[in-house]
file work.tsv (TSV, C-alpha atoms)
chain	number	residue	atom	x	y	z
A	1	GLY	CA	23.64	145.44	-68.50
A	2	ALA	CA	27.12	145.14	-69.90
A	3	GLY	CA	29.97	145.05	-67.45
A	4	VAL	CA	33.46	146.46	-67.76
A	5	SER	CA	35.24	145.12	-70.81
A	6	GLN	CA	38.94	145.01	-71.53
A	7	THR	CA	40.85	144.30	-74.71
A	8	PRO	CA	42.90	142.40	-75.53
A	9	SER	CA	42.42	139.60	-73.03
A	10	ASN	CA	45.99	138.48	-73.59
A	11	LYS	CA	48.97	140.34	-74.97
A	12	VAL	CA	52.44	138.94	-75.55
A	13	THR	CA	55.11	141.44	-76.51
A	14	GLU	CA	58.85	141.61	-76.72
A	15	LYS	CA	60.96	143.58	-74.31
A	16	GLY	CA	61.31	147.17	-75.45
A	17	LYS	CA	58.05	147.30	-77.40
A	18	TYR	CA	55.11	149.66	-76.87
A	19	VAL	CA	51.68	148.34	-75.83
A	20	GLU	CA	48.21	149.77	-75.39
A	21	LEU	CA	45.54	148.23	-73.21
A	22	ARG	CA	41.94	149.31	-73.58
A	23	CYS	CA	39.13	149.56	-71.03
A	24	ASP	CA	35.41	150.12	-71.67
A	25	PRO	CA	33.68	151.06	-68.40
A	26	ILE	CA	30.07	150.44	-67.48
A	27	SER	CA	27.89	152.99	-69.25
A	28	GLY	CA	27.30	156.07	-67.12
A	29	HIS	CA	30.14	155.38	-64.68
A	30	THR	CA	32.16	158.55	-64.21
A	31	ALA	CA	35.07	157.04	-62.30
A	32	LEU	CA	37.58	154.67	-63.91
A	33	TYR	CA	40.54	152.93	-62.31
A	34	TRP	CA	43.53	150.90	-63.43
A	35	TYR	CA	45.20	148.30	-61.21
A	36	ARG	CA	47.96	145.77	-61.77
A	37	GLN	CA	47.92	142.29	-60.27
A	38	SER	CA	50.99	140.10	-60.13
A	39	LEU	CA	50.68	136.37	-59.55
A	40	GLY	CA	49.65	135.51	-56.01
A	41	GLN	CA	49.20	139.11	-54.94
A	42	GLY	CA	46.38	141.57	-54.49
A	43	PRO	CA	45.74	144.24	-57.13
A	44	GLU	CA	47.86	147.37	-56.87
A	45	PHE	CA	46.48	150.79	-57.77
A	46	LEU	CA	47.90	152.58	-60.79
A	47	ILE	CA	45.68	155.53	-61.73
A	48	TYR	CA	42.17	156.90	-61.22
A	49	PHE	CA	40.10	159.07	-63.56
A	50	GLN	CA	37.11	161.17	-62.63
A	51	GLY	CA	35.64	162.14	-65.97
A	52	THR	CA	38.40	162.95	-68.43
A	53	GLY	CA	41.07	163.98	-65.96
A	54	ALA	CA	43.46	161.84	-63.95
A	55	ALA	CA	42.48	162.55	-60.34
A	56	ASP	CA	45.25	160.38	-58.88
A	57	ASP	CA	48.18	158.89	-60.79
A	58	SER	CA	50.32	158.18	-57.76
A	59	GLY	CA	50.44	154.46	-58.47
A	60	LEU	CA	52.09	154.65	-61.88
A	61	PRO	CA	55.49	153.03	-61.33
A	62	ASN	CA	57.49	155.29	-63.66
A	63	ASP	CA	57.20	157.53	-66.71
A	64	ARG	CA	56.97	154.59	-69.09
A	65	PHE	CA	53.36	154.24	-67.98
A	66	PHE	CA	50.68	156.64	-69.14
A	67	ALA	CA	46.89	156.53	-69.35
A	68	VAL	CA	44.25	158.62	-71.06
A	69	ARG	CA	40.49	158.94	-71.04
A	70	PRO	CA	39.85	161.65	-73.64
A	71	GLU	CA	36.05	161.57	-73.75
A	72	GLY	CA	35.34	160.46	-70.22
A	73	SER	CA	34.44	156.92	-71.20
A	74	VAL	CA	36.95	154.52	-72.78
A	75	SER	CA	40.44	154.58	-71.31
A	76	THR	CA	43.76	153.40	-72.70
A	77	LEU	CA	46.76	152.41	-70.60
A	78	LYS	CA	49.98	152.86	-72.52
A	79	ILE	CA	53.30	151.28	-71.64
A	80	GLN	CA	56.47	152.32	-73.44
A	81	ARG	CA	59.71	150.33	-73.68
A	82	THR	CA	58.18	147.35	-71.92
A	83	GLU	CA	60.28	145.36	-69.47
A	84	ARG	CA	59.89	141.78	-68.28
A	85	GLY	CA	58.89	143.12	-64.87
A	86	ASP	CA	55.81	144.70	-66.45
A	87	SER	CA	54.33	141.22	-66.95
A	88	ALA	CA	51.11	141.04	-64.93
A	89	VAL	CA	47.34	141.17	-65.25
A	90	TYR	CA	46.14	144.72	-65.78
A	91	LEU	CA	42.70	145.30	-64.31
A	92	CYS	CA	40.28	148.09	-65.07
A	93	ALA	CA	37.36	149.04	-62.83
A	94	SER	CA	34.61	151.62	-62.95
A	95	SER	CA	32.18	153.07	-60.43
A	96	PRO	CA	29.23	155.47	-60.50
A	97	GLY	CA	31.25	158.01	-58.53
A	98	THR	CA	33.61	158.54	-55.66
A	99	PHE	CA	33.46	156.04	-52.80
A	100	TYR	CA	31.04	153.71	-54.50
A	101	GLU	CA	32.02	150.10	-55.03
A	102	GLN	CA	34.22	149.44	-58.04
A	103	TYR	CA	33.26	146.92	-60.69
A	104	PHE	CA	36.13	145.13	-62.32
A	105	GLY	CA	36.71	143.89	-65.84
A	106	PRO	CA	38.24	140.52	-66.70
A	107	GLY	CA	41.72	141.98	-67.08
A	108	THR	CA	44.43	141.93	-69.73
A	109	ARG	CA	47.23	139.46	-69.14
A	110	LEU	CA	50.44	141.10	-70.37
A	111	THR	CA	53.49	138.95	-70.94
A	112	VAL	CA	56.77	140.60	-71.85
A	113	THR	CA	59.31	138.15	-73.30
B	1	ALA	CA	49.62	155.33	-45.31
B	2	GLN	CA	46.85	152.82	-45.56
B	3	LYS	CA	47.53	149.10	-45.27
B	4	VAL	CA	45.46	145.91	-45.32
B	5	THR	CA	46.68	142.62	-43.91
B	6	GLN	CA	45.15	139.23	-44.55
B	7	ALA	CA	47.25	136.92	-42.45
B	8	GLN	CA	45.75	133.69	-43.77
B	9	THR	CA	47.16	132.85	-47.17
B	10	GLU	CA	45.16	129.67	-47.67
B	11	ILE	CA	42.31	127.90	-45.88
B	12	SER	CA	41.07	124.44	-46.75
B	13	VAL	CA	37.71	123.18	-45.47
B	14	VAL	CA	35.28	120.40	-46.18
B	15	GLU	CA	31.92	121.31	-47.65
B	16	LYS	CA	29.34	122.53	-45.09
B	17	GLU	CA	32.00	123.75	-42.68
B	18	ASP	CA	32.07	127.42	-41.71
B	19	VAL	CA	35.12	129.47	-42.63
B	20	THR	CA	36.19	132.88	-41.31
B	21	LEU	CA	38.59	135.13	-43.18
B	22	ASP	CA	40.50	137.71	-41.19
B	23	CYS	CA	41.20	141.26	-42.34
B	24	VAL	CA	43.11	143.88	-40.35
B	25	TYR	CA	43.57	147.40	-41.68
B	26	GLU	CA	45.58	150.51	-40.89
B	27	THR	CA	44.56	154.06	-41.67
B	28	ARG	CA	44.98	157.53	-40.19
B	29	ASP	CA	41.64	158.71	-41.54
B	30	THR	CA	38.45	158.73	-39.50
B	31	THR	CA	36.35	158.35	-42.65
B	32	TYR	CA	37.11	155.34	-44.78
B	33	TYR	CA	35.46	152.45	-46.60
B	34	LEU	CA	36.07	148.73	-46.39
B	35	PHE	CA	35.34	146.18	-49.08
B	36	TRP	CA	35.45	142.47	-49.75
B	37	TYR	CA	35.92	141.04	-53.23
B	38	LYS	CA	35.87	137.45	-54.49
B	39	GLN	CA	38.19	136.28	-57.28
B	40	PRO	CA	37.07	132.87	-58.57
B	41	PRO	CA	39.33	130.74	-60.77
B	42	SER	CA	37.95	132.58	-63.82
B	43	GLY	CA	39.88	135.60	-62.56
B	44	GLU	CA	37.30	138.38	-62.52
B	45	LEU	CA	36.96	140.25	-59.22
B	46	VAL	CA	33.41	140.19	-57.87
B	47	PHE	CA	32.22	142.84	-55.43
B	48	LEU	CA	30.71	141.43	-52.23
B	49	ILE	CA	30.27	144.26	-49.73
B	50	ARG	CA	31.13	147.89	-48.92
B	51	ARG	CA	31.07	149.27	-45.39
B	52	ASN	CA	31.79	152.82	-44.25
B	53	SER	CA	33.71	153.58	-41.07
B	54	PHE	CA	30.68	155.01	-39.28
B	55	ASP	CA	28.58	151.90	-39.62
B	56	GLU	CA	29.74	149.17	-37.28
B	57	GLN	CA	26.63	147.04	-37.60
B	58	ASN	CA	27.35	143.49	-38.60
B	59	GLU	CA	25.82	142.42	-41.87
B	60	ILE	CA	24.44	139.14	-43.15
B	61	SER	CA	23.68	138.28	-46.76
B	62	GLY	CA	22.61	134.69	-47.25
B	63	ARG	CA	25.50	132.47	-46.18
B	64	TYR	CA	27.87	135.45	-45.95
B	65	SER	CA	28.33	137.61	-42.87
B	66	TRP	CA	30.72	140.39	-41.94
B	67	ASN	CA	31.98	141.53	-38.55
B	68	PHE	CA	33.36	145.09	-38.44
B	69	GLN	CA	35.16	146.11	-35.24
B	70	LYS	CA	36.82	149.54	-35.22
B	71	SER	CA	38.37	148.89	-31.83
B	72	THR	CA	40.56	146.19	-33.34
B	73	SER	CA	40.66	147.60	-36.90
B	74	SER	CA	39.23	144.38	-38.24
B	75	PHE	CA	36.64	143.53	-40.86
B	76	ASN	CA	36.25	139.76	-40.86
B	77	PHE	CA	34.21	137.70	-43.28
B	78	THR	CA	32.47	134.40	-42.54
B	79	ILE	CA	31.06	131.91	-45.00
B	80	THR	CA	28.53	129.64	-43.32
B	81	ALA	CA	27.94	126.11	-44.58
B	82	SER	CA	30.59	126.44	-47.29
B	83	GLN	CA	30.03	125.03	-50.75
B	84	VAL	CA	32.47	123.99	-53.48
B	85	VAL	CA	31.46	127.09	-55.47
B	86	ASP	CA	32.88	129.23	-52.67
B	87	SER	CA	36.39	128.14	-53.67
B	88	ALA	CA	38.16	131.34	-54.67
B	89	VAL	CA	40.62	133.97	-53.51
B	90	TYR	CA	39.01	136.58	-51.29
B	91	PHE	CA	40.40	140.09	-50.99
B	92	CYS	CA	39.77	142.70	-48.34
B	93	ALA	CA	40.33	146.31	-49.43
B	94	LEU	CA	40.35	149.81	-47.93
B	95	SER	CA	39.61	153.22	-49.42
B	96	GLU	CA	40.36	156.45	-47.56
B	97	ALA	CA	38.19	159.57	-47.79
B	98	GLU	CA	40.93	161.71	-49.36
B	99	GLY	CA	41.36	159.42	-52.32
B	100	ASN	CA	39.35	156.78	-54.04
B	101	LYS	CA	41.93	154.13	-54.72
B	102	LEU	CA	41.53	150.71	-53.20
B	103	THR	CA	44.37	149.25	-51.18
B	104	PHE	CA	44.06	145.48	-51.23
B	105	GLY	CA	45.31	142.85	-48.85
B	106	GLY	CA	47.26	139.92	-50.17
B	107	GLY	CA	44.19	137.72	-50.38
B	108	THR	CA	43.13	134.45	-48.77
B	109	ARG	CA	42.67	131.41	-50.97
B	110	VAL	CA	39.71	129.29	-49.83
B	111	LEU	CA	39.51	125.72	-51.00
B	112	VAL	CA	36.25	123.90	-50.26
B	113	LYS	CA	36.48	120.17	-50.75
B	114	PRO	CA	33.41	118.05	-51.44

call {"tool": "encode", "arguments": {"input": "work.tsv", "output": "structure tokens"}}
result
Amino acid sequence: GAGVSQTPSNKVTEKGKYVELRCDPISGHTALYWYRQSLGQGPEFLIYFQGTGAADDSGLPNDRFFAVRPEGSVSTLKIQRTERGDSAVYLCASSPGTFYEQYFGPGTRLTVT
Amino acid sequence: AQKVTQAQTEISVVEKEDVTLDCVYETRDTTYYLFWYKQPPSGELVFLIRRNSFDEQNEISGRYSWNFQKSTSSFNFTITASQVVDSAVYFCALSEAEGNKLTFGGGTRVLVKP
């Protein structure tokens, strides 16, 4: 079946602009996660959804970052007033439920110039 | 707070050699889950194994094997008879029972030369 998909695959934006990154989880997966991976490092947790609600948003670095999952399927990560330090690969993952393995998408590479 | 340490940043081997990747974790929970993921040059993280804290049995899957030792808080991964296709970055990760987020180690880059 189809895996996790993320769009766009690459996004280049200017400092101060707003961006939206989209994630389509595996069909039927109730849990959805966002991570951020900087070059040469392991992924870092941002936010986790169980259904429509954010169960844990402790990893969001500041209030410029926000994510939604209005219908319990597709999720959008929104970044306001982007900064050069936001440049990274943003990874989305989904799982059938809590404590199952997470399946990752190919990521969106965000570059802020 | 949970923490995962992968002390080896890069390992280079010749094809058919065995390679062992170390993973040491820290957690205050008694119930937790450990994972290994592979990130090939294409970039997409591939799930390899999940182990819960109550199951210390070692596991073998083809050329892959895992050694979980609670006494030393380690969950090491061995690739037997390595192949060029095993070249990738390998991440160890931990999830505690109170939350579902994965905490990743810094990764170990494995380079298998023909």

call {"tool": "interface_residues", "arguments": {"input": "work.tsv", "of": "chain A", "to": "chain B", "cutoff": "9 Å", "atoms": "only C-alpha atoms", "output": "list in words"}}
result
Tyr33, Gly40, Gln41, Gly42, Pro43, Glu44, Phe45, Leu46, Ile47, Tyr48, Ala55, Asp56, Leu91, Thr98, Phe99, Tyr100, Glu101, Gln102, Tyr103, Phe104, Gly105, Pro106 and Gly107 of chain A

call {"tool": "write_last_selection", "arguments": {"input": "work.tsv", "atoms": "C-alpha atoms", "output": "PDB file, keeping the file's coordinate frame"}}
result
ATOM      1  CA  TYR A  33      40.540 152.930 -62.310  1.00  0.00           C
ATOM      2  CA  GLY A  40      49.650 135.510 -56.010  1.00  0.00           C
ATOM      3  CA  GLN A  41      49.200 139.110 -54.940  1.00  0.00           C
ATOM      4  CA  GLY A  42      46.380 141.570 -54.490  1.00  0.00           C
ATOM      5  CA  PRO A  43      45.740 144.240 -57.130  1.00  0.00           C
ATOM      6  CA  GLU A  44      47.860 147.370 -56.870  1.00  0.00           C
ATOM      7  CA  PHE A  45      46.480 150.790 -57.770  1.00  0.00           C
ATOM      8  CA  LEU A  46      47.900 152.580 -60.790  1.00  0.00           C
ATOM      9  CA  ILE A  47      45.680 155.530 -61.730  1.00  0.00           C
ATOM     10  CA  TYR A  48      42.170 156.900 -61.220  1.00  0.00           C
ATOM     11  CA  ALA A  55      42.480 162.550 -60.340  1.00  0.00           C
ATOM     12  CA  ASP A  56      45.250 160.380 -58.880  1.00  0.00           C
ATOM     13  CA  LEU A  91      42.700 145.300 -64.310  1.00  0.00           C
ATOM     14  CA  THR A  98      33.610 158.540 -55.660  1.00  0.00           C
ATOM     15  CA  PHE A  99      33.460 156.040 -52.800  1.00  0.00           C
ATOM     16  CA  TYR A 100      31.040 153.710 -54.500  1.00  0.00           C
ATOM     17  CA  GLU A 101      32.020 150.100 -55.030  1.00  0.00           C
ATOM     18  CA  GLN A 102      34.220 149.440 -58.040  1.00  0.00           C
ATOM     19  CA  TYR A 103      33.260 146.920 -60.690  1.00  0.00           C
ATOM     20  CA  PHE A 104      36.130 145.130 -62.320  1.00  0.00           C
ATOM     21  CA  GLY A 105      36.710 143.890 -65.840  1.00  0.00           C
ATOM     22  CA  PRO A 106      38.240 140.520 -66.700  1.00  0.00           C
ATOM     23  CA  GLY A 107      41.720 141.980 -67.080  1.00  0.00           C
TER      24      GLY A 107
END

call {"tool": "closest_residue", "arguments": {"input": "work.tsv", "among": "A:Arg84, A:Lys78, A:Arg69, A:Arg22", "to": "Ser9 (chain A)", "atoms": "all atoms listed in the file"}}
result
A:Arg22

call {"tool": "residues_near_point", "arguments": {"input": "work.tsv", "point": "(36.7, 147.1, -72.3)", "cutoff": "7 Å", "atoms": "only C-alpha atoms", "output": "mmCIF file with C-alpha atoms, keeping the file's coordinate frame"}}
result
data_model
loop_
_atom_site.group_PDB
_atom_site.id
_atom_site.type_symbol
_atom_site.label_atom_id
_atom_site.label_comp_id
_atom_site.auth_asym_id
_atom_site.auth_seq_id
_atom_site.Cartn_x
_atom_site.Cartn_y
_atom_site.Cartn_z
ATOM 1 C CA VAL A 4 33.460 146.460 -67.760
ATOM 2 C CA SER A 5 35.240 145.120 -70.810
ATOM 3 C CA GLN A 6 38.940 145.010 -71.530
ATOM 4 C CA THR A 7 40.850 144.300 -74.710
ATOM 5 C CA ARG A 22 41.940 149.310 -73.580
ATOM 6 C CA CYS A 23 39.130 149.560 -71.030
ATOM 7 C CA ASP A 24 35.410 150.120 -71.670
ATOM 8 C CA PRO A 25 33.680 151.060 -68.400
#

call {"tool": "atom_distance", "arguments": {"input": "work.tsv", "atom1": "CA of Ala31 (chain A)", "atom2": "CA of Gln69 (chain B)"}}
result
29.2 Å

call {"tool": "closest_residue", "arguments": {"input": "work.tsv", "among": "B:Gln6, B:Thr30, B:Cys23, B:Ile11", "to": "Val110 (chain B)", "atoms": "only C-alpha atoms"}}
result
B:Ile11

call {"tool": "residues_around", "arguments": {"input": "work.tsv", "residues": "region 54-65 of chain B", "least_positions_apart": "2", "cutoff": "12 Å", "atoms": "all atoms listed in the file", "output": "NGL selection string"}}
result
:B and (16-21 or 29-34 or 36 or 38 or 48-52 or 67-83 or 86)

call {"tool": "residues_around", "arguments": {"input": "work.tsv", "residues": "Ala1 (chain B)", "least_positions_apart": "4", "cutoff": "9 Å", "atoms": "all atoms listed in the file", "output": "PyMOL selection string"}}
result
chain B and resi 26-28

call {"tool": "atom_distance", "arguments": {"input": "work.tsv", "atom1": "CA of His29 (chain A)", "atom2": "CA of Asp57 (chain A)"}}
result
18.8 Å

call {"tool": "closest_residue", "arguments": {"input": "work.tsv", "among": "A:Val68, A:Val12, A:Val89, A:Ile79", "to": "Gly53 (chain A)", "atoms": "all atoms listed in the file"}}
result
A:Val68

call {"tool": "atom_distance", "arguments": {"input": "work.tsv", "atom1": "CA of Ala67 (chain A)", "atom2": "CA of Leu39 (chain A)"}}
result
22.7 Å

call {"tool": "closest_residue", "arguments": {"input": "work.tsv", "among": "A:Leu32, A:Leu60, A:Ala88, A:Leu21", "to": "Gly72 (chain A)", "atoms": "only C-alpha atoms"}}
result
A:Leu32

call {"tool": "build_atoms", "arguments": {"input": "work.tsv", "residues": "region 16-42 of chain A", "atoms": "N, CA, C and O atoms", "output": "JSON list (two decimals), keeping the file's coordinate frame"}}
result
[["chain", "number", "residue", "atom", "x", "y", "z"],
["A", 16, "GLY", "N", 60.99, 145.96, -74.71],
["A", 16, "GLY", "CA", 61.31, 147.17, -75.45],
["A", 16, "GLY", "C", 60.19, 147.68, -76.33],
["A", 16, "GLY", "O", 60.24, 148.83, -76.80],
["A", 17, "LYS", "N", 59.16, 146.87, -76.56],
["A", 17, "LYS", "CA", 58.05, 147.30, -77.40],
["A", 17, "LYS", "C", 57.05, 148.15, -76.64],
["A", 17, "LYS", "O", 57.04, 148.20, -75.40],
["A", 18, "TYR", "N", 56.18, 148.80, -77.42],
["A", 18, "TYR", "CA", 55.11, 149.66, -76.87],
["A", 18, "TYR", "C", 53.79, 148.88, -76.90],
["A", 18, "TYR", "O", 53.50, 148.18, -77.87],
["A", 19, "VAL", "N", 52.98, 149.00, -75.84],
["A", 19, "VAL", "CA", 51.68, 148.34, -75.83],
["A", 19, "VAL", "C", 50.59, 149.29, -75.36],
["A", 19, "VAL", "O", 50.86, 150.24, -74.60],
["A", 20, "GLU", "N", 49.39, 149.03, -75.83],
["A", 20, "GLU", "CA", 48.21, 149.77, -75.39],
["A", 20, "GLU", "C", 47.16, 148.78, -74.92],
["A", 20, "GLU", "O", 46.87, 147.80, -75.60],
["A", 21, "LEU", "N", 46.59, 149.06, -73.76],
["A", 21, "LEU", "CA", 45.54, 148.23, -73.21],
["A", 21, "LEU", "C", 44.28, 149.09, -73.08],
["A", 21, "LEU", "O", 44.35, 150.22, -72.60],
["A", 22, "ARG", "N", 43.16, 148.52, -73.51],
["A", 22, "ARG", "CA", 41.94, 149.31, -73.58],
["A", 22, "ARG", "C", 40.92, 148.87, -72.52],
["A", 22, "ARG", "O", 40.81, 147.67, -72.22],
["A", 23, "CYS", "N", 40.18, 149.84, -72.00],
["A", 23, "CYS", "CA", 39.13, 149.56, -71.03],
["A", 23, "CYS", "C", 37.85, 150.30, -71.41],
["A", 23, "CYS", "O", 37.87, 151.51, -71.64],
["A", 24, "ASP", "N", 36.74, 149.55, -71.44],
["A", 24, "ASP", "CA", 35.41, 150.12, -71.67],
["A", 24, "ASP", "C", 34.63, 150.01, -70.37],
["A", 24, "ASP", "O", 34.25, 148.90, -69.97],
["A", 25, "PRO", "N", 34.36, 151.13, -69.70],
["A", 25, "PRO", "CA", 33.68, 151.06, -68.40],
["A", 25, "PRO", "C", 32.18, 150.79, -68.57],
["A", 25, "PRO", "O", 31.66, 150.81, -69.69],
["A", 26, "ILE", "N", 31.52, 150.57, -67.46],
["A", 26, "ILE", "CA", 30.07, 150.44, -67.48],
["A", 26, "ILE", "C", 29.48, 151.79, -67.88],
["A", 26, "ILE", "O", 29.93, 152.84, -67.40],
["A", 27, "SER", "N", 28.48, 151.76, -68.75],
["A", 27, "SER", "CA", 27.89, 152.99, -69.25],
["A", 27, "SER", "C", 27.38, 153.86, -68.10],
["A", 27, "SER", "O", 26.69, 153.39, -67.20],
["A", 28, "GLY", "N", 27.76, 155.13, -68.14],
["A", 28, "GLY", "CA", 27.30, 156.07, -67.12],
["A", 28, "GLY", "C", 28.22, 156.19, -65.92],
["A", 28, "GLY", "O", 28.07, 157.11, -65.11],
["A", 29, "HIS", "N", 29.21, 155.29, -65.80],
["A", 29, "HIS", "CA", 30.14, 155.38, -64.68],
["A", 29, "HIS", "C", 31.16, 156.49, -64.95],
["A", 29, "HIS", "O", 31.84, 156.47, -65.97],
["A", 30, "THR", "N", 31.27, 157.41, -64.01],
["A", 30, "THR", "CA", 32.16, 158.55, -64.21],
["A", 30, "THR", "C", 33.58, 158.27, -63.75],
["A", 30, "THR", "O", 34.52, 158.91, -64.19],
["A", 31, "ALA", "N", 33.74, 157.34, -62.83],
["A", 31, "ALA", "CA", 35.07, 157.04, -62.30],
["A", 31, "ALA", "C", 35.62, 155.76, -62.94],
["A", 31, "ALA", "O", 34.89, 154.78, -63.12],
["A", 32, "LEU", "N", 36.91, 155.81, -63.27],
["A", 32, "LEU", "CA", 37.58, 154.67, -63.91],
["A", 32, "LEU", "C", 38.95, 154.49, -63.27],
["A", 32, "LEU", "O", 39.64, 155.46, -62.99],
["A", 33, "TYR", "N", 39.31, 153.25, -63.02],
["A", 33, "TYR", "CA", 40.54, 152.93, -62.31],
["A", 33, "TYR", "C", 41.34, 151.89, -63.08],
["A", 33, "TYR", "O", 40.76, 150.97, -63.69],
["A", 34, "TRP", "N", 42.64, 151.96, -62.93],
["A", 34, "TRP", "CA", 43.53, 150.90, -63.43],
["A", 34, "TRP", "C", 44.31, 150.33, -62.24],
["A", 34, "TRP", "O", 44.82, 151.09, -61.39],
["A", 35, "TYR", "N", 44.41, 149.01, -62.22],
["A", 35, "TYR", "CA", 45.20, 148.30, -61.21],
["A", 35, "TYR", "C", 46.07, 147.28, -61.93],
["A", 35, "TYR", "O", 45.81, 146.90, -63.08],
["A", 36, "ARG", "N", 47.09, 146.81, -61.23],
["A", 36, "ARG", "CA", 47.96, 145.77, -61.77],
["A", 36, "ARG", "C", 48.04, 144.66, -60.73],
["A", 36, "ARG", "O", 48.23, 144.93, -59.53],
["A", 37, "GLN", "N", 47.89, 143.42, -61.19],
["A", 37, "GLN", "CA", 47.92, 142.29, -60.27],
["A", 37, "GLN", "C", 48.99, 141.29, -60.72],
["A", 37, "GLN", "O", 48.88, 140.71, -61.80],
["A", 38, "SER", "N", 49.96, 141.11, -59.87],
["A", 38, "SER", "CA", 50.99, 140.10, -60.13],
["A", 38, "SER", "C", 50.54, 138.78, -59.52],
["A", 38, "SER", "O", 49.69, 138.76, -58.61],
["A", 39, "LEU", "N", 51.11, 137.70, -59.97],
["A", 39, "LEU", "CA", 50.68, 136.37, -59.55],
["A", 39, "LEU", "C", 50.77, 136.20, -58.04],
["A", 39, "LEU", "O", 51.80, 136.50, -57.42],
["A", 40, "GLY", "N", 49.67, 135.78, -57.44],
["A", 40, "GLY", "CA", 49.65, 135.51, -56.01],
["A", 40, "GLY", "C", 49.55, 136.73, -55.12],
["A", 40, "GLY", "O", 49.70, 136.62, -53.91],
["A", 41, "GLN", "N", 49.29, 137.88, -55.72],
["A", 41, "GLN", "CA", 49.20, 139.11, -54.94],
["A", 41, "GLN", "C", 47.87, 139.80, -55.17],
["A", 41, "GLN", "O", 47.14, 139.49, -56.11],
["A", 42, "GLY", "N", 47.56, 140.75, -54.30],
["A", 42, "GLY", "CA", 46.38, 141.57, -54.49],
["A", 42, "GLY", "C", 46.63, 142.63, -55.55],
["A", 42, "GLY", "O", 47.78, 142.98, -55.82]]
